[in-house]
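In what follows, a structure is listed as structure tokens, so that the remarks can point back to it.
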Amino acid sequence: MGAGEDSGDGSAGSTSGAELLVIPTIQQNVQDNWERTLGVGRPLFHAAELVRPGQRFELVVILARYARDASGDARVEYDLELRGPDGVAEDAAPVMARRGLTALVGPAPAQLQLMLAVERPELVFDADAPHGRYTARVVVHDRVAGARRVGEATLELASLAEGAPFESCASAGQWLSSYYLAPDPARAITALASLEGEPEGERDAWWPAPVISRVTPFFVEVLRANPYLIPTALDGLARGEPGQRLRALEVLGVLDIPLGERASTLSGEELARYRSARDGAPDPLRDELAAPEHLDMLWAAFFATGRYAYIRRLVDALRFRVDLGASRRARRWLFRRRDDAAILREAIYRAAEWSLTVNARDHELVAFYLLHLARYDDTVPGELRSLVASWFSEP
């Protein structure tokens, strides 16, 4: 946290201007991390110590002790600059600058409360930016108090390096499931080559087969947020084993990344996998919940992003609770009377309930999101909110 001079006369109901905390981050869920944890927990922000040329990042600017006018409104703006790298003259022009950004405007709580700056621009270092340590400087102007505060944070700009290898497929899976807490996009390329292929298994005709692997949405989200990694993923096609190439081609297909001349080096099966993913990949958030594998895709996307929308969609599957007992009834009638659709919905419900309760135990942010949903999300039917709330009230 950076503190600086606090000027002004302390007018309009406050003895000083805004205080602040500045956190550089590459997390994709800043707004959800803030809004969906208020009143139930705490935001889980991760400070990025290192970024790469072409990588998107932002500055999380958190305010406190802002002043309010007679109408109860706050007016707080801020400027940001990135200066560096170390060794550059202090009077040199900043490498990036934004002025007059909105931090907080309009009605504000009377009591002391932390607030997340409303406007947070996306920042990117150019490919030719000098490597080294940079300082992000934020100057907050509390227009009501006539006060000024300064906060700073540092981060390193370095060239893209190959991610550290994983000891096993299991270790890659563990890394994947906690990625959203401390993103390391460069290592995702290594993880893509470390995970084993998913067995096809046997399924009845009425149990729909997924178009893409269950873990593919994780890598889709990572590359979508970090397009500077796409050339590396393309280059990896020539080096990867056949099974690894199939997974990479699924990811590139979903993102509709042209293969160019590389297409001529691929087998018919590989081209078919790429085209199938490009032309028919599911949308986990919007498609109908058709099979338990759909839930795995939602979890994969959540672990990449930490976004609330994926937890909200998983909770939608709990509406199939009305189909509990469908498989038992089918066995009772020796499967002469069976409702395949109801049996499938029951399987989806059981998978959703199990995965949500287990991950709420193992992932603090999942628990915060579910508590927020149960207490505050009016878009969720009341019976589902009550069901989720019951998970946290039982001894």
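In the structure tokens, each chain is lettered A, B, ... as it comes, each chain's residues begin at 1, and ligands are numbered from 1 in order of appearance.
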
*Would you mind writing down, as number ranges by chain, each residue of stretch 178-312 of chain A that DSSP on the backbone assigns to helix (DSSP H, G or I)?*
A: 179-181, 185-194, 216-225, 227-235, 242-254, 260-265, 268-280, 292-305, 308-312

*Output as a ChimeraX atom specification all residues of stretch 39-181 of chain A that backbone DSSP marks as strand (DSSP E or B).*
/A:50-51,56-64,73-83,96-107,115-116,123-124,132-142,147-157

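Among the candidate residues A:Ser168, A:Thr25, A:Thr102, A:Asn226, the one lying nearest to A:Asp142 is A:Thr102, with distances computed using only C-alpha atoms.
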
_Neighbouring residues of stretch 170-174 of chain A were defined as those with any atom within 10 Å, considering only C-alpha atoms; residues of the same chain fewer than 3 positions away were excluded. Please report them as a list in words._
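The neighbour list is Pro165, Phe166, Glu167, Ser177, Ser178, Tyr179, Arg187, Ala188, Thr190, Ala191, Leu192, Ala193, Ser194, Leu195, Glu196 and Val215 of chain A.
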
*Point-to-point distance in Å for atom CA of A:Arg98 and atom CA of A:Ala129*: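 The value is 17.8 Å.
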
_So that I can check the surroundings of A:Val366, please list as a PyMOL selection string every protein, DNA and RNA residue that reaches within 8 Å of it, counting only C-alpha atoms and ignoring chain neighbours fewer than 6 positions away._
chain A and resi 311+356+359-360

*Which neighbours of A:Asp283 fall inside 12 Å, counting only C-alpha atoms, when residues of the same chain fewer than 6 positions from it are skipped, and could you give them as a ChimeraX atom specification?*
/A:210-212,216-217,220-221,254-255,277,289-290,294-295,297-298,301,310,313

Would you export the selected residues with N, CA and C atoms as a PDB file, in the first residue's frame, please?
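Heads up, here's the output in selection23.pdb:
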```
ATOM      1  N   PRO A 210     -19.709 -35.232 -25.333  1.00  0.00           N
ATOM      2  CA  PRO A 210     -19.259 -33.851 -25.478  1.00  0.00           C
ATOM      3  C   PRO A 210     -18.436 -33.664 -26.746  1.00  0.00           C
ATOM      4  N   VAL A 211     -18.533 -32.479 -27.346  1.00  0.00           N
ATOM      5  CA  VAL A 211     -17.783 -32.174 -28.564  1.00  0.00           C
ATOM      6  C   VAL A 211     -16.313 -31.952 -28.244  1.00  0.00           C
ATOM      7  N   ILE A 212     -16.025 -31.418 -27.073  1.00  0.00           N
ATOM      8  CA  ILE A 212     -14.651 -31.126 -26.670  1.00  0.00           C
ATOM      9  C   ILE A 212     -14.353 -31.798 -25.334  1.00  0.00           C
ATOM     10  N   THR A 216     -10.850 -28.598 -21.722  1.00  0.00           N
ATOM     11  CA  THR A 216     -10.529 -27.625 -22.776  1.00  0.00           C
ATOM     12  C   THR A 216     -10.961 -26.204 -22.437  1.00  0.00           C
ATOM     13  N   PRO A 217     -12.142 -25.967 -21.830  1.00  0.00           N
ATOM     14  CA  PRO A 217     -12.515 -24.581 -21.511  1.00  0.00           C
ATOM     15  C   PRO A 217     -11.503 -23.853 -20.627  1.00  0.00           C
ATOM     16  N   VAL A 220      -8.976 -22.552 -23.079  1.00  0.00           N
ATOM     17  CA  VAL A 220      -9.632 -21.543 -23.909  1.00  0.00           C
ATOM     18  C   VAL A 220      -9.673 -20.208 -23.176  1.00  0.00           C
ATOM     19  N   GLU A 221     -10.071 -20.227 -21.910  1.00  0.00           N
ATOM     20  CA  GLU A 221     -10.156 -18.987 -21.144  1.00  0.00           C
ATOM     21  C   GLU A 221      -8.781 -18.369 -20.913  1.00  0.00           C
ATOM     22  N   VAL A 254     -11.754 -23.877 -30.815  1.00  0.00           N
ATOM     23  CA  VAL A 254     -12.784 -23.107 -30.107  1.00  0.00           C
ATOM     24  C   VAL A 254     -12.523 -21.610 -30.260  1.00  0.00           C
ATOM     25  N   LEU A 255     -11.254 -21.210 -30.217  1.00  0.00           N
ATOM     26  CA  LEU A 255     -10.891 -19.802 -30.353  1.00  0.00           C
ATOM     27  C   LEU A 255     -10.879 -19.343 -31.814  1.00  0.00           C
ATOM     28  N   ALA A 277     -14.213 -28.699 -33.110  1.00  0.00           N
ATOM     29  CA  ALA A 277     -14.199 -27.725 -32.011  1.00  0.00           C
ATOM     30  C   ALA A 277     -14.521 -26.327 -32.521  1.00  0.00           C
ATOM     31  N   LEU A 289     -28.084 -27.666 -20.027  1.00  0.00           N
ATOM     32  CA  LEU A 289     -27.300 -28.648 -19.267  1.00  0.00           C
ATOM     33  C   LEU A 289     -27.708 -30.041 -19.715  1.00  0.00           C
ATOM     34  N   ALA A 290     -26.845 -30.665 -20.537  1.00  0.00           N
ATOM     35  CA  ALA A 290     -27.240 -31.904 -21.200  1.00  0.00           C
ATOM     36  C   ALA A 290     -26.603 -33.150 -20.623  1.00  0.00           C
ATOM     37  N   HIS A 294     -20.881 -31.483 -18.849  1.00  0.00           N
ATOM     38  CA  HIS A 294     -21.091 -30.038 -18.977  1.00  0.00           C
ATOM     39  C   HIS A 294     -20.647 -29.323 -17.702  1.00  0.00           C
ATOM     40  N   LEU A 295     -20.911 -29.928 -16.561  1.00  0.00           N
ATOM     41  CA  LEU A 295     -20.516 -29.334 -15.293  1.00  0.00           C
ATOM     42  C   LEU A 295     -18.998 -29.292 -15.170  1.00  0.00           C
ATOM     43  N   MET A 297     -16.949 -28.866 -17.556  1.00  0.00           N
ATOM     44  CA  MET A 297     -16.502 -27.740 -18.376  1.00  0.00           C
ATOM     45  C   MET A 297     -16.694 -26.421 -17.641  1.00  0.00           C
ATOM     46  N   LEU A 298     -17.796 -26.293 -16.920  1.00  0.00           N
ATOM     47  CA  LEU A 298     -18.023 -25.082 -16.129  1.00  0.00           C
ATOM     48  C   LEU A 298     -16.949 -24.926 -15.058  1.00  0.00           C
ATOM     49  N   ALA A 301     -13.657 -23.778 -16.666  1.00  0.00           N
ATOM     50  CA  ALA A 301     -13.669 -22.345 -16.964  1.00  0.00           C
ATOM     51  C   ALA A 301     -13.573 -21.516 -15.682  1.00  0.00           C
ATOM     52  N   TYR A 310     -19.875 -18.776 -13.615  1.00  0.00           N
ATOM     53  CA  TYR A 310     -19.784 -20.238 -13.740  1.00  0.00           C
ATOM     54  C   TYR A 310     -20.384 -20.937 -12.519  1.00  0.00           C
ATOM     55  N   ARG A 313     -24.127 -20.709 -12.895  1.00  0.00           N
ATOM     56  CA  ARG A 313     -24.656 -21.683 -13.857  1.00  0.00           C
ATOM     57  C   ARG A 313     -24.672 -23.087 -13.256  1.00  0.00           C
TER      58      ARG A 313
END
```

*For atom CA of A:Gly41 and atom CA of A:Glu152, quote the distance in Å rounded to one decimal.*
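It comes out at 26.0 Å.
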
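Nearest residue to A:Glu293, choosing from A:Val51, A:Ser355, A:Ile257, A:Val222 and counting only C-alpha atoms: A:Ser355.
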
*Pick the closest to A:Ala67 from A:Leu21, A:Leu44, A:Val105, A:Leu259: which is it, counting only C-alpha atoms?*
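Of A:Leu21, A:Leu44, A:Val105, A:Leu259, the one nearest A:Ala67 is A:Val105, counting only C-alpha atoms.
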
Which residues come within 10 Å of A:Ile26, counting only C-alpha atoms, excluding same-chain residues fewer than 2 positions away, as an mmCIF file with C-alpha atoms, in the first residue's frame?
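Final file, around.cif:
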```cif
data_model
loop_
_atom_site.group_PDB
_atom_site.id
_atom_site.type_symbol
_atom_site.label_atom_id
_atom_site.label_comp_id
_atom_site.auth_asym_id
_atom_site.auth_seq_id
_atom_site.Cartn_x
_atom_site.Cartn_y
_atom_site.Cartn_z
ATOM 1 C CA ILE A 23 -2.510 -3.923 -6.507
ATOM 2 C CA PRO A 24 -1.303 -4.851 -10.009
ATOM 3 C CA GLN A 28 -9.865 -12.052 -14.637
ATOM 4 C CA ASN A 29 -12.430 -11.747 -11.840
ATOM 5 C CA VAL A 30 -11.644 -8.425 -10.183
ATOM 6 C CA PHE A 45 -6.752 -10.424 -4.892
ATOM 7 C CA HIS A 46 -3.339 -11.594 -6.078
ATOM 8 C CA ALA A 47 -0.587 -9.064 -6.757
ATOM 9 C CA ALA A 48 1.177 -9.762 -10.047
ATOM 10 C CA GLU A 49 4.913 -9.411 -9.563
ATOM 11 C CA LEU A 50 5.770 -10.097 -13.214
ATOM 12 C CA VAL A 51 4.145 -9.449 -16.580
ATOM 13 C CA GLN A 55 0.079 -9.309 -21.517
ATOM 14 C CA ARG A 56 -2.992 -7.512 -20.194
ATOM 15 C CA PHE A 57 -3.041 -6.367 -16.595
ATOM 16 C CA GLU A 58 -4.834 -3.800 -14.472
ATOM 17 C CA LEU A 59 -4.385 -1.907 -11.243
ATOM 18 C CA VAL A 60 -6.828 -2.697 -8.459
ATOM 19 C CA GLU A 122 -6.584 -2.403 -19.213
ATOM 20 C CA LEU A 123 -2.824 -1.919 -19.458
ATOM 21 C CA TYR A 180 -7.488 -18.431 -10.636
ATOM 22 C CA ALA A 182 -2.452 -16.808 -8.677
ATOM 23 C CA PRO A 183 -2.507 -16.908 -12.483
ATOM 24 C CA ASP A 184 0.649 -18.012 -14.308
ATOM 25 C CA PRO A 185 -0.411 -18.004 -17.962
ATOM 26 C CA ALA A 225 -7.275 -13.563 -21.748
ATOM 27 C CA ASN A 226 -3.634 -13.886 -22.848
#
```

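For A:Ala347, the non-local neighbours within 12 Å, defined as residues at least 5 positions apart in the same chain or in other chains and counting only C-alpha atoms, are A:Trp207, A:Leu289, A:Ala290, A:Ala291, A:Pro292, A:Glu293, A:His294, A:Leu295, A:Ala317, A:Leu318, A:Phe320, A:Arg321, A:Val322, A:Asp323, A:Leu324, A:Gly325, A:Ala326, A:Ser327, A:Arg328, A:Asp340, A:Ala341, A:Ala342, A:Ala352, A:Glu353, A:Trp354.
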
*Measure the distance from atom CA of A:Gln27 to atom CA of A:Gly236 in Å and round it to one decimal.*
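Going from atom CA of A:Gln27 over to atom CA of A:Gly236, I get 25.0 Å.
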
*Counting only C-alpha atoms, which of A:Glu77, A:Glu270, A:Glu90, A:Glu250 gets nearest to A:Val118?*
A:Glu77
